[in-house]
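K.L.:
Just so it is clear, I am handing over upload.cif, which has mmCIF, C-alpha atoms.
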data_data
#
loop_
_atom_site.label_atom_id
_atom_site.label_comp_id
_atom_site.auth_asym_id
_atom_site.auth_seq_id
_atom_site.Cartn_x
_atom_site.Cartn_y
_atom_site.Cartn_z
CA MET A 1 19.52 101.01 133.00
CA LYS A 2 19.14 101.00 129.21
CA VAL A 3 21.28 98.41 127.40
CA THR A 4 21.61 97.62 123.71
CA VAL A 5 21.61 93.86 123.20
CA GLY A 6 22.62 92.21 119.93
CA HIS A 7 21.81 88.64 118.99
CA THR A 8 21.82 86.76 115.72
CA PRO A 9 18.82 85.91 113.52
CA ASP A 10 19.24 82.28 114.61
CA SER A 11 16.73 80.09 116.38
CA ASP A 12 19.01 79.15 119.28
CA ASP A 13 19.77 82.80 120.11
CA ALA A 14 16.07 83.70 119.89
CA PHE A 15 15.22 80.81 122.19
CA MET A 16 17.73 82.04 124.79
CA PHE A 17 16.32 85.58 124.81
CA TYR A 18 12.64 84.61 124.69
CA GLY A 19 12.04 85.04 128.42
CA MET A 20 13.87 88.37 128.51
CA LEU A 21 12.43 89.97 125.38
CA GLU A 22 8.85 88.70 125.73
CA GLY A 23 8.48 89.59 129.41
CA GLY A 24 8.51 86.04 130.74
CA ILE A 25 10.85 86.99 133.56
CA PRO A 26 11.11 90.23 135.54
CA SER A 27 13.93 92.61 134.63
CA PRO A 28 16.38 93.49 137.42
CA GLY A 29 16.49 97.13 136.31
CA PHE A 30 17.44 96.74 132.63
CA SER A 31 15.61 98.28 129.69
CA VAL A 32 16.64 96.26 126.64
CA GLU A 33 16.96 97.70 123.13
CA HIS A 34 17.00 94.69 120.82
CA VAL A 35 19.34 94.50 117.78
CA VAL A 36 19.42 91.52 115.38
CA GLU A 37 22.33 90.99 112.97
CA ASP A 38 24.34 88.15 111.44
CA ILE A 39 27.11 86.82 113.69
CA GLU A 40 29.97 88.12 111.54
CA ALA A 41 28.36 91.57 111.48
CA LEU A 42 28.10 91.48 115.28
CA ASN A 43 31.74 90.34 115.50
CA LYS A 44 32.80 93.40 113.49
CA ARG A 45 30.57 95.80 115.43
CA ALA A 46 32.08 94.58 118.69
CA ALA A 47 35.52 95.83 117.62
CA SER A 48 34.32 99.42 118.28
CA PRO A 49 32.49 98.55 120.66
CA GLN A 50 29.00 99.64 119.55
CA LEU A 51 26.64 97.47 121.63
CA ASP A 52 26.48 97.08 125.40
CA VAL A 53 25.80 93.35 125.18
CA THR A 54 26.24 91.23 122.09
CA ALA A 55 26.56 87.70 120.82
CA VAL A 56 29.97 87.11 119.25
CA SER A 57 32.05 84.18 118.08
CA VAL A 58 34.53 82.97 120.70
CA HIS A 59 37.28 83.57 118.12
CA ALA A 60 36.26 87.25 117.87
CA CYS A 61 37.02 87.80 121.56
CA ALA A 62 40.72 88.02 120.68
CA TYR A 63 39.96 91.21 118.76
CA ILE A 64 37.47 92.92 121.13
CA PRO A 65 39.37 93.65 124.37
CA GLY A 66 36.68 96.04 125.61
CA TYR A 67 34.28 93.21 126.47
CA THR A 68 33.88 90.61 129.22
CA ILE A 69 32.53 87.15 128.37
CA LEU A 70 29.31 86.26 130.22
CA ARG A 71 29.04 82.81 131.72
CA SER A 72 25.49 82.34 130.41
CA GLY A 73 24.32 82.28 126.82
CA GLY A 74 27.26 80.43 125.28
CA SER A 75 26.94 78.09 122.31
CA PHE A 76 28.98 74.98 123.05
CA GLY A 77 28.91 71.78 121.06
CA LEU A 78 28.98 68.61 123.11
CA GLY A 79 30.96 66.34 120.79
CA TYR A 80 29.55 68.04 117.67
CA GLY A 81 30.11 71.33 115.89
CA PRO A 82 30.59 73.01 112.50
CA ILE A 83 30.67 70.67 109.51
CA VAL A 84 33.08 70.74 106.58
CA THR A 85 31.16 69.81 103.44
CA ALA A 86 31.98 69.06 99.82
CA MET A 87 30.37 67.42 96.81
CA ASP A 88 31.79 64.15 98.12
CA GLY A 89 33.37 63.09 101.40
CA THR A 90 37.14 63.43 101.07
CA GLY A 91 38.24 63.51 104.72
CA LEU A 92 40.24 66.24 106.49
CA ASP A 93 43.50 65.22 104.83
CA GLY A 94 41.94 65.89 101.44
CA LEU A 95 41.31 69.53 102.36
CA ARG A 96 44.96 70.52 102.33
CA GLY A 97 45.41 72.60 99.20
CA ALA A 98 41.64 73.04 98.74
CA LYS A 99 39.82 76.36 98.48
CA ILE A 100 37.22 76.43 101.24
CA ALA A 101 34.19 78.71 101.57
CA ILE A 102 33.95 80.09 105.12
CA PRO A 103 31.21 82.08 106.90
CA GLY A 104 33.60 84.75 108.22
CA ARG A 105 37.21 85.13 109.33
CA MET A 106 36.23 85.93 112.92
CA THR A 107 33.98 82.91 113.35
CA SER A 108 35.04 80.14 115.70
CA ALA A 109 34.37 77.65 112.92
CA PHE A 110 37.15 79.26 110.85
CA LEU A 111 39.58 79.08 113.75
CA LEU A 112 38.66 75.45 114.49
CA LEU A 113 39.34 74.45 110.89
CA GLN A 114 42.70 76.23 110.99
CA LEU A 115 43.55 74.36 114.18
CA ALA A 116 42.61 71.09 112.50
CA ILE A 117 44.41 71.45 109.13
CA GLY A 118 46.58 74.57 109.36
CA GLU A 119 46.17 77.70 107.27
CA PHE A 120 44.37 77.28 103.95
CA GLU A 121 43.05 79.17 100.95
CA TYR A 122 39.53 80.42 101.56
CA VAL A 123 36.74 82.50 100.12
CA GLU A 124 34.65 84.45 102.62
CA THR A 125 30.89 84.62 102.10
CA GLU A 126 27.62 84.85 104.03
CA PHE A 127 26.98 81.64 105.93
CA SER A 128 23.78 81.00 103.98
CA ARG A 129 25.68 81.09 100.66
CA VAL A 130 28.36 78.56 101.61
CA PRO A 131 26.53 75.54 100.08
CA GLU A 132 26.05 77.40 96.79
CA GLU A 133 29.77 78.30 96.66
CA VAL A 134 30.52 74.57 96.79
CA ARG A 135 27.81 73.45 94.36
CA SER A 136 28.90 76.08 91.83
CA GLY A 137 32.53 74.96 91.98
CA ARG A 138 33.76 78.35 93.21
CA ALA A 139 34.99 76.51 96.31
CA ASP A 140 36.19 72.93 96.74
CA ALA A 141 34.61 72.62 100.18
CA GLY A 142 32.43 74.64 102.52
CA LEU A 143 32.42 75.26 106.25
CA VAL A 144 28.80 75.27 107.44
CA ILE A 145 27.34 76.57 110.68
CA HIS A 146 23.86 77.11 112.14
CA GLU A 147 21.04 74.85 110.92
CA THR A 148 22.98 73.87 107.79
CA GLN A 149 24.88 71.50 110.08
CA LEU A 150 21.66 69.45 109.94
CA SER A 151 20.46 70.21 106.39
CA TYR A 152 23.64 69.98 104.27
CA GLU A 153 22.57 66.65 102.73
CA ASP A 154 19.29 68.22 101.59
CA GLU A 155 21.42 70.85 99.82
CA GLY A 156 23.34 68.20 97.87
CA LEU A 157 26.50 68.15 99.97
CA ALA A 158 28.45 65.42 101.73
CA LYS A 159 30.19 65.62 105.10
CA VAL A 160 33.98 65.80 105.01
CA ALA A 161 34.46 66.21 108.75
CA ASP A 162 32.70 67.24 111.96
CA LEU A 163 34.96 69.77 113.65
CA GLY A 164 33.16 69.20 116.94
CA LYS A 165 34.18 65.56 116.87
CA TRP A 166 37.75 66.57 115.96
CA TRP A 167 37.86 69.02 118.89
CA ASP A 168 36.38 66.44 121.28
CA GLU A 169 39.16 63.99 120.40
CA ALA A 170 41.91 66.63 120.38
CA THR A 171 41.03 68.01 123.84
CA GLY A 172 39.91 64.89 125.67
CA GLY A 173 36.23 65.76 125.73
CA LEU A 174 36.03 69.52 126.31
CA PRO A 175 32.88 71.22 125.00
CA VAL A 176 33.34 72.98 121.65
CA PRO A 177 33.47 76.78 122.22
CA LEU A 178 31.60 78.45 119.38
CA GLY A 179 29.66 81.52 120.50
CA VAL A 180 29.34 83.60 123.65
CA ASN A 181 27.57 86.69 124.87
CA VAL A 182 29.79 89.54 126.00
CA MET A 183 29.18 92.80 127.86
CA ARG A 184 31.19 96.01 127.79
CA THR A 185 33.73 95.81 130.61
CA ASP A 186 33.47 99.54 131.39
CA ILE A 187 29.83 99.10 132.44
CA GLY A 188 31.17 97.60 135.65
CA THR A 189 31.35 94.26 137.41
CA GLU A 190 28.09 94.72 139.35
CA ALA A 191 25.99 95.38 136.23
CA ILE A 192 27.76 92.58 134.35
CA ALA A 193 26.97 90.09 137.11
CA LYS A 194 23.35 91.25 137.24
CA PHE A 195 22.84 90.96 133.47
CA ASP A 196 24.59 87.59 133.42
CA ARG A 197 22.05 86.30 135.94
CA TYR A 198 19.22 87.90 133.92
CA LEU A 199 20.29 86.03 130.77
CA HIS A 200 20.76 82.83 132.78
CA ASP A 201 17.18 83.10 134.02
CA SER A 202 15.90 83.83 130.50
CA ILE A 203 17.52 80.65 129.19
CA LEU A 204 16.04 78.58 132.00
CA TYR A 205 12.63 80.11 131.30
CA GLY A 206 12.90 79.06 127.66
CA LYS A 207 13.89 75.52 128.58
CA GLU A 208 11.02 75.30 131.07
CA ASN A 209 8.56 76.64 128.47
CA GLU A 210 10.04 74.91 125.46
CA GLU A 211 7.05 74.83 123.12
CA GLU A 212 6.32 78.54 123.55
CA ALA A 213 10.00 79.45 123.24
CA LEU A 214 10.30 77.29 120.11
CA GLN A 215 7.29 79.02 118.57
CA TYR A 216 9.03 82.36 119.18
CA ALA A 217 12.28 80.98 117.76
CA MET A 218 10.54 79.81 114.58
CA ARG A 219 10.47 83.41 113.33
CA TYR A 220 14.21 82.87 112.79
CA SER A 221 13.86 79.42 111.21
CA ARG A 222 14.89 80.51 107.68
CA GLY A 223 12.24 78.18 106.29
CA LYS A 224 13.55 75.09 108.07
CA PRO A 225 10.94 72.68 109.52
CA ARG A 226 10.01 72.88 113.18
CA ASP A 227 11.43 69.44 113.99
CA MET A 228 14.83 70.50 112.64
CA ILE A 229 14.74 73.78 114.57
CA LYS A 230 13.82 71.87 117.74
CA GLU A 231 16.77 69.53 117.23
CA PHE A 232 19.13 72.43 116.55
CA VAL A 233 17.96 74.39 119.60
CA ARG A 234 18.38 71.36 121.85
CA MET A 235 21.92 70.92 120.48
CA TYR A 236 23.03 74.49 121.21
CA VAL A 237 20.89 75.49 124.19
CA ASN A 238 22.34 72.91 126.54
CA GLU A 239 23.72 72.74 130.09
CA ARG A 240 26.81 74.75 129.10
CA THR A 241 24.51 77.45 127.69
CA VAL A 242 22.82 77.92 131.04
CA ASP A 243 26.24 78.21 132.70
CA MET A 244 29.54 77.49 130.96
CA GLY A 245 30.99 76.11 134.22
CA ASP A 246 34.61 75.13 134.65
CA ALA A 247 34.51 72.97 131.50
CA GLY A 248 33.33 75.83 129.30
CA GLU A 249 35.90 78.22 130.72
CA LYS A 250 38.66 75.68 130.18
CA ALA A 251 37.49 75.07 126.62
CA ILE A 252 37.66 78.78 125.75
CA ASN A 253 41.12 79.17 127.27
CA THR A 254 42.31 75.99 125.53
CA MET A 255 41.15 77.28 122.13
CA PHE A 256 43.17 80.46 122.53
CA GLU A 257 46.21 78.63 123.89
CA MET A 258 46.18 76.27 120.88
CA ALA A 259 45.69 79.18 118.46
CA SER A 260 48.59 81.11 120.02
CA GLN A 261 50.89 78.09 119.84
CA LYS A 262 50.10 77.71 116.12
CA GLY A 263 50.58 81.42 115.38
CA LEU A 264 46.93 81.94 114.43
CA LEU A 265 46.45 85.03 116.59
CA PRO A 266 48.29 88.37 116.32
CA LYS A 267 49.46 87.93 119.93
CA PRO A 268 48.82 85.61 122.87
CA PHE A 269 45.38 86.24 124.34
CA ARG A 270 43.71 85.45 127.65
CA PRO A 271 40.00 86.33 127.64
CA SER A 272 38.20 88.21 130.38
CA ILE A 273 35.43 85.97 131.74
CA ALA A 274 32.82 87.11 134.25
CA PRO A 275 32.95 85.66 137.79
CA LYS A 276 31.00 82.51 138.51
CA LEU A 277 27.25 83.01 138.55
CA GLN A 278 25.52 83.61 141.84
CA THR A 279 22.18 81.94 141.22
CA GLY A 280 21.02 81.10 144.71
#
Represent the structure of the file as structure tokens.
P.N.:
Amino acid sequence: MKVTVGHTPDSDDAFMFYGMLEGGIPSPGFSVEHVVEDIEALNKRAASPQLDVTAVSVHACAYIPGYTILRSGGSFGLGYGPIVTAMDGTGLDGLRGAKIAIPGRMTSAFLLLQLAIGEFEYVETEFSRVPEEVRSGRADAGLVIHETQLSYEDEGLAKVADLGKWWDEATGGLPVPLGVNVMRTDIGTEAIAKFDRYLHDSILYGKENEEEALQYAMRYSRGKPRDMIKEFVRMYVNERTVDMGDAGEKAINTMFEMASQKGLLPKPFRPSIAPKLQTG
């Protein structure tokens, strides 16, 4: 079965798909056509839907009802997450009334910040340009994702808040739901379950062959040093990436419940999540 699979040009996504795309594990009948695009571009493409399988922000799931969330391949922070940055550390309270540069309206980072401080004025830009928006004064603060969570100080910025820490405290320790992989629901439950297991096995293969998988992931390093990429991959290819488990599922549902209660979604939303993985 031929499937189009979209992932982001990010080292953690590349690491997850290493085993699948480089032939490290046998395919259970899938022929994969590989598509690489920025997360916000994938979020928008999923509204059609255009790809059979794609990485999306958890937030975007509220706007793409034609997809089912896979239990493998999720990006969950474990007490950490997107960082709000500024030229100096003002604290979350200081952001009320500020203009904030964001990496996309459908990103989970944007929704998390809305949950933390309410609705705010923002300027939307590519994630890689967020630090420059702040340094130039076009924005008072910037919401950074991907490796910039580790490199913002090198770019002359200070941390205002860690939204992962805020979420951890607000939910009593649930993992931070940031990204997931989804598959078109109309493909059918059997194929979804089979691909979910395939991705699960690819992630395990990467973790078991870390140095080789990291070398593959470095092609998406955006010039960041290997040690930083290794740290970032270990942050976001964790136990909840292999299988979101009950905690990951609860975290996703909690995010949408909180967003609905605060009027941040067009209507209440309950995501479709694939059945628990059969990995025996």
K.L.:
What is the atom CA of Gly248 of chain A-atom CA of Ala161 of chain A distance in Å, reported with one decimal?
P.N.:
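Between atom CA of Gly248 of chain A and atom CA of Ala161 of chain A the gap works out to 22.7 Å.
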K.L.:
With segment 61-65 of chain A as the partner and 10 Å as the cut-off, tabulate the residues of segment 100-197 of chain A that qualify, each row holding the nearest pair of atoms and their distance in Å to one decimal, using only C-alpha atoms, sorted by chain and rising number, as a tab-separated table.
P.N.:
residue	atom	partner	partner_atom	distance
A:Met106	CA	A:Tyr63	CA	8.7
A:Ser108	CA	A:Cys61	CA	9.8
A:Gly179	CA	A:Cys61	CA	9.7
A:Val180	CA	A:Cys61	CA	9.0
A:Val182	CA	A:Cys61	CA	8.7
A:Arg184	CA	A:Pro65	CA	9.2
A:Thr185	CA	A:Pro65	CA	8.7
K.L.:
To verify the selection step, state as a ChimeraX atom specification which residues the PyMOL selection byres ((chain A and resi 41) around 12) yields on this input.
P.N.:
/A:6-9,35-40,42-48,50-51,54-57,60,103-107,125-127
K.L.:
Using the chain letters and numbers from the file, which residues does the PyMOL selection byres ((chain A and resi 77-85) around 8) grab, as a ChimeraX atom specification?
P.N.:
/A:75-76,86-89,109,141-146,149,152,157-165,167-168,173-178,235-236
K.L.:
Hey, what's within 9 Å of Leu277 of chain A if we count only C-alpha atoms and toss same-chain stuff fewer than 6 positions away? As a tab-separated table (two decimals) with C-alpha atoms, in the frame of the given file, please?
P.N.:
chain	number	residue	atom	x	y	z
A	71	ARG	CA	29.04	82.81	131.72
A	72	SER	CA	25.49	82.34	130.41
A	193	ALA	CA	26.97	90.09	137.11
A	196	ASP	CA	24.59	87.59	133.42
A	197	ARG	CA	22.05	86.30	135.94
A	200	HIS	CA	20.76	82.83	132.78
A	243	ASP	CA	26.24	78.21	132.70
A	245	GLY	CA	30.99	76.11	134.22
K.L.:
Once you count only C-alpha atoms, what closest atom pair and distance in Å to one decimal does each residue of segment 75-172 of chain A within 9 Å of segment 210-228 of chain A have, with rows by chain and rising residue number, as JSON lines?
P.N.:
{"residue": "A:Glu147", "atom": "CA", "partner": "A:Met228", "partner_atom": "CA", "distance": 7.8}
{"residue": "A:Leu150", "atom": "CA", "partner": "A:Met228", "partner_atom": "CA", "distance": 7.4}
{"residue": "A:Ser151", "atom": "CA", "partner": "A:Met228", "partner_atom": "CA", "distance": 8.4}
K.L.:
Pick the closest to Thr90 of chain A from A:Val53, A:Asp140, A:Phe232, A:Gly263: which is it, counting all atoms listed in the file?
P.N.:
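Distance minimum relative to Thr90 of chain A lands on A:Asp140.
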K.L.:
Using only C-alpha atoms for the distances, tell me which of A:Phe120, A:Glu208, A:Val242, A:Asn253 is nearest to Thr171 of chain A.
P.N.:
A:Asn253
K.L.:
Measuring between only C-alpha atoms, which one of A:Thr4, A:Thr148, A:Asn181, A:Ser31 shows the shortest distance to Ile273 of chain A?
P.N.:
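The closest residue to Ile273 of chain A is A:Asn181.
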K.L.:
Grab the atom CA of Met183 of chain A to atom CA of Asp52 of chain A distance for me, in Å with one decimal place.
P.N.:
5.6 Å
K.L.:
Which neighbours of Pro26 of chain A fall inside 9 Å, counting only C-alpha atoms, when residues of the same chain fewer than 5 positions from it are skipped, and could you give them as number ranges by chain?
P.N.:
A: 19-20, 198
K.L.:
Mind checking which residues fall within 12 Å of Lys262 of chain A, counting all atoms listed in the file, ignoring those fewer than 3 positions away in the same chain, and posting them as a list in words?
P.N.:
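After dropping sequence-adjacent residues, the list is Leu111, Leu112, Gln114, Leu115, Ala116, Ile117, Gly118, Glu119, Met255, Phe256, Glu257, Met258, Ala259, Leu265, Pro266, Lys267 and Pro268 of chain A.
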K.L.:
Would you save segment 121-143 of chain A to a file, keeping N, CA, C and O atoms, as a PDB file, in the first residue's frame?
P.N.:
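The resulting file, out23.pdb, is reproduced below:
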ATOM      1  N   GLU A 121      -2.278  40.030  21.621  1.00  0.00           N
ATOM      2  CA  GLU A 121      -1.898  40.513  20.304  1.00  0.00           C
ATOM      3  C   GLU A 121      -0.675  39.735  19.837  1.00  0.00           C
ATOM      4  O   GLU A 121       0.262  39.519  20.606  1.00  0.00           O
ATOM      5  N   TYR A 122      -0.675  39.334  18.578  1.00  0.00           N
ATOM      6  CA  TYR A 122       0.446  38.540  18.093  1.00  0.00           C
ATOM      7  C   TYR A 122       0.780  38.906  16.653  1.00  0.00           C
ATOM      8  O   TYR A 122      -0.029  39.485  15.920  1.00  0.00           O
ATOM      9  N   VAL A 123       1.989  38.559  16.272  1.00  0.00           N
ATOM     10  CA  VAL A 123       2.418  38.629  14.883  1.00  0.00           C
ATOM     11  C   VAL A 123       2.889  37.233  14.503  1.00  0.00           C
ATOM     12  O   VAL A 123       3.691  36.618  15.215  1.00  0.00           O
ATOM     13  N   GLU A 124       2.374  36.717  13.411  1.00  0.00           N
ATOM     14  CA  GLU A 124       2.685  35.358  12.988  1.00  0.00           C
ATOM     15  C   GLU A 124       3.869  35.375  12.024  1.00  0.00           C
ATOM     16  O   GLU A 124       3.911  36.187  11.096  1.00  0.00           O
ATOM     17  N   THR A 125       4.840  34.496  12.253  1.00  0.00           N
ATOM     18  CA  THR A 125       6.009  34.441  11.396  1.00  0.00           C
ATOM     19  C   THR A 125       6.558  33.021  11.382  1.00  0.00           C
ATOM     20  O   THR A 125       6.111  32.159  12.151  1.00  0.00           O
ATOM     21  N   GLU A 126       7.510  32.747  10.503  1.00  0.00           N
ATOM     22  CA  GLU A 126       8.172  31.446  10.508  1.00  0.00           C
ATOM     23  C   GLU A 126       8.897  31.262  11.835  1.00  0.00           C
ATOM     24  O   GLU A 126       9.459  32.218  12.385  1.00  0.00           O
ATOM     25  N   PHE A 127       8.898  30.036  12.336  1.00  0.00           N
ATOM     26  CA  PHE A 127       9.490  29.786  13.653  1.00  0.00           C
ATOM     27  C   PHE A 127      10.938  30.250  13.728  1.00  0.00           C
ATOM     28  O   PHE A 127      11.389  30.735  14.765  1.00  0.00           O
ATOM     29  N   SER A 128      11.672  30.119  12.635  1.00  0.00           N
ATOM     30  CA  SER A 128      13.085  30.488  12.645  1.00  0.00           C
ATOM     31  C   SER A 128      13.295  32.001  12.727  1.00  0.00           C
ATOM     32  O   SER A 128      14.390  32.460  13.065  1.00  0.00           O
ATOM     33  N   ARG A 129      12.268  32.784  12.419  1.00  0.00           N
ATOM     34  CA  ARG A 129      12.384  34.239  12.431  1.00  0.00           C
ATOM     35  C   ARG A 129      11.881  34.861  13.734  1.00  0.00           C
ATOM     36  O   ARG A 129      11.985  36.080  13.917  1.00  0.00           O
ATOM     37  N   VAL A 130      11.367  34.060  14.640  1.00  0.00           N
ATOM     38  CA  VAL A 130      10.829  34.610  15.887  1.00  0.00           C
ATOM     39  C   VAL A 130      11.887  35.403  16.666  1.00  0.00           C
ATOM     40  O   VAL A 130      11.621  36.530  17.104  1.00  0.00           O
ATOM     41  N   PRO A 131      13.107  34.880  16.864  1.00  0.00           N
ATOM     42  CA  PRO A 131      14.100  35.674  17.611  1.00  0.00           C
ATOM     43  C   PRO A 131      14.377  37.034  16.975  1.00  0.00           C
ATOM     44  O   PRO A 131      14.527  38.042  17.675  1.00  0.00           O
ATOM     45  N   GLU A 132      14.450  37.079  15.645  1.00  0.00           N
ATOM     46  CA  GLU A 132      14.718  38.348  14.967  1.00  0.00           C
ATOM     47  C   GLU A 132      13.569  39.337  15.160  1.00  0.00           C
ATOM     48  O   GLU A 132      13.794  40.551  15.275  1.00  0.00           O
ATOM     49  N   GLU A 133      12.326  38.849  15.187  1.00  0.00           N
ATOM     50  CA  GLU A 133      11.178  39.731  15.426  1.00  0.00           C
ATOM     51  C   GLU A 133      11.317  40.419  16.778  1.00  0.00           C
ATOM     52  O   GLU A 133      10.959  41.586  16.937  1.00  0.00           O
ATOM     53  N   VAL A 134      11.853  39.696  17.755  1.00  0.00           N
ATOM     54  CA  VAL A 134      12.030  40.268  19.096  1.00  0.00           C
ATOM     55  C   VAL A 134      13.212  41.224  19.116  1.00  0.00           C
ATOM     56  O   VAL A 134      13.117  42.356  19.614  1.00  0.00           O
ATOM     57  N   ARG A 135      14.337  40.796  18.571  1.00  0.00           N
ATOM     58  CA  ARG A 135      15.537  41.651  18.580  1.00  0.00           C
ATOM     59  C   ARG A 135      15.307  42.962  17.836  1.00  0.00           C
ATOM     60  O   ARG A 135      15.843  44.005  18.208  1.00  0.00           O
ATOM     61  N   SER A 136      14.497  42.913  16.771  1.00  0.00           N
ATOM     62  CA  SER A 136      14.258  44.110  15.969  1.00  0.00           C
ATOM     63  C   SER A 136      13.265  45.061  16.621  1.00  0.00           C
ATOM     64  O   SER A 136      13.134  46.204  16.193  1.00  0.00           O
ATOM     65  N   GLY A 137      12.550  44.586  17.644  1.00  0.00           N
ATOM     66  CA  GLY A 137      11.546  45.415  18.284  1.00  0.00           C
ATOM     67  C   GLY A 137      10.181  45.333  17.637  1.00  0.00           C
ATOM     68  O   GLY A 137       9.233  45.994  18.088  1.00  0.00           O
ATOM     69  N   ARG A 138      10.052  44.520  16.573  1.00  0.00           N
ATOM     70  CA  ARG A 138       8.735  44.368  15.945  1.00  0.00           C
ATOM     71  C   ARG A 138       7.778  43.590  16.840  1.00  0.00           C
ATOM     72  O   ARG A 138       6.563  43.643  16.656  1.00  0.00           O
ATOM     73  N   ALA A 139       8.322  42.861  17.796  1.00  0.00           N
ATOM     74  CA  ALA A 139       7.515  42.146  18.787  1.00  0.00           C
ATOM     75  C   ALA A 139       8.148  42.353  20.154  1.00  0.00           C
ATOM     76  O   ALA A 139       9.374  42.498  20.270  1.00  0.00           O
ATOM     77  N   ASP A 140       7.316  42.385  21.184  1.00  0.00           N
ATOM     78  CA  ASP A 140       7.819  42.556  22.550  1.00  0.00           C
ATOM     79  C   ASP A 140       8.377  41.256  23.116  1.00  0.00           C
ATOM     80  O   ASP A 140       9.233  41.274  24.009  1.00  0.00           O
ATOM     81  N   ALA A 141       7.867  40.148  22.627  1.00  0.00           N
ATOM     82  CA  ALA A 141       8.299  38.836  23.109  1.00  0.00           C
ATOM     83  C   ALA A 141       8.132  37.840  21.969  1.00  0.00           C
ATOM     84  O   ALA A 141       7.468  38.121  20.959  1.00  0.00           O
ATOM     85  N   GLY A 142       8.745  36.676  22.119  1.00  0.00           N
ATOM     86  CA  GLY A 142       8.666  35.663  21.077  1.00  0.00           C
ATOM     87  C   GLY A 142       8.447  34.281  21.668  1.00  0.00           C
ATOM     88  O   GLY A 142       9.013  33.938  22.711  1.00  0.00           O
ATOM     89  N   LEU A 143       7.634  33.503  20.988  1.00  0.00           N
ATOM     90  CA  LEU A 143       7.319  32.138  21.402  1.00  0.00           C
ATOM     91  C   LEU A 143       8.168  31.199  20.564  1.00  0.00           C
ATOM     92  O   LEU A 143       7.982  31.104  19.344  1.00  0.00           O
TER      93      LEU A 143
END
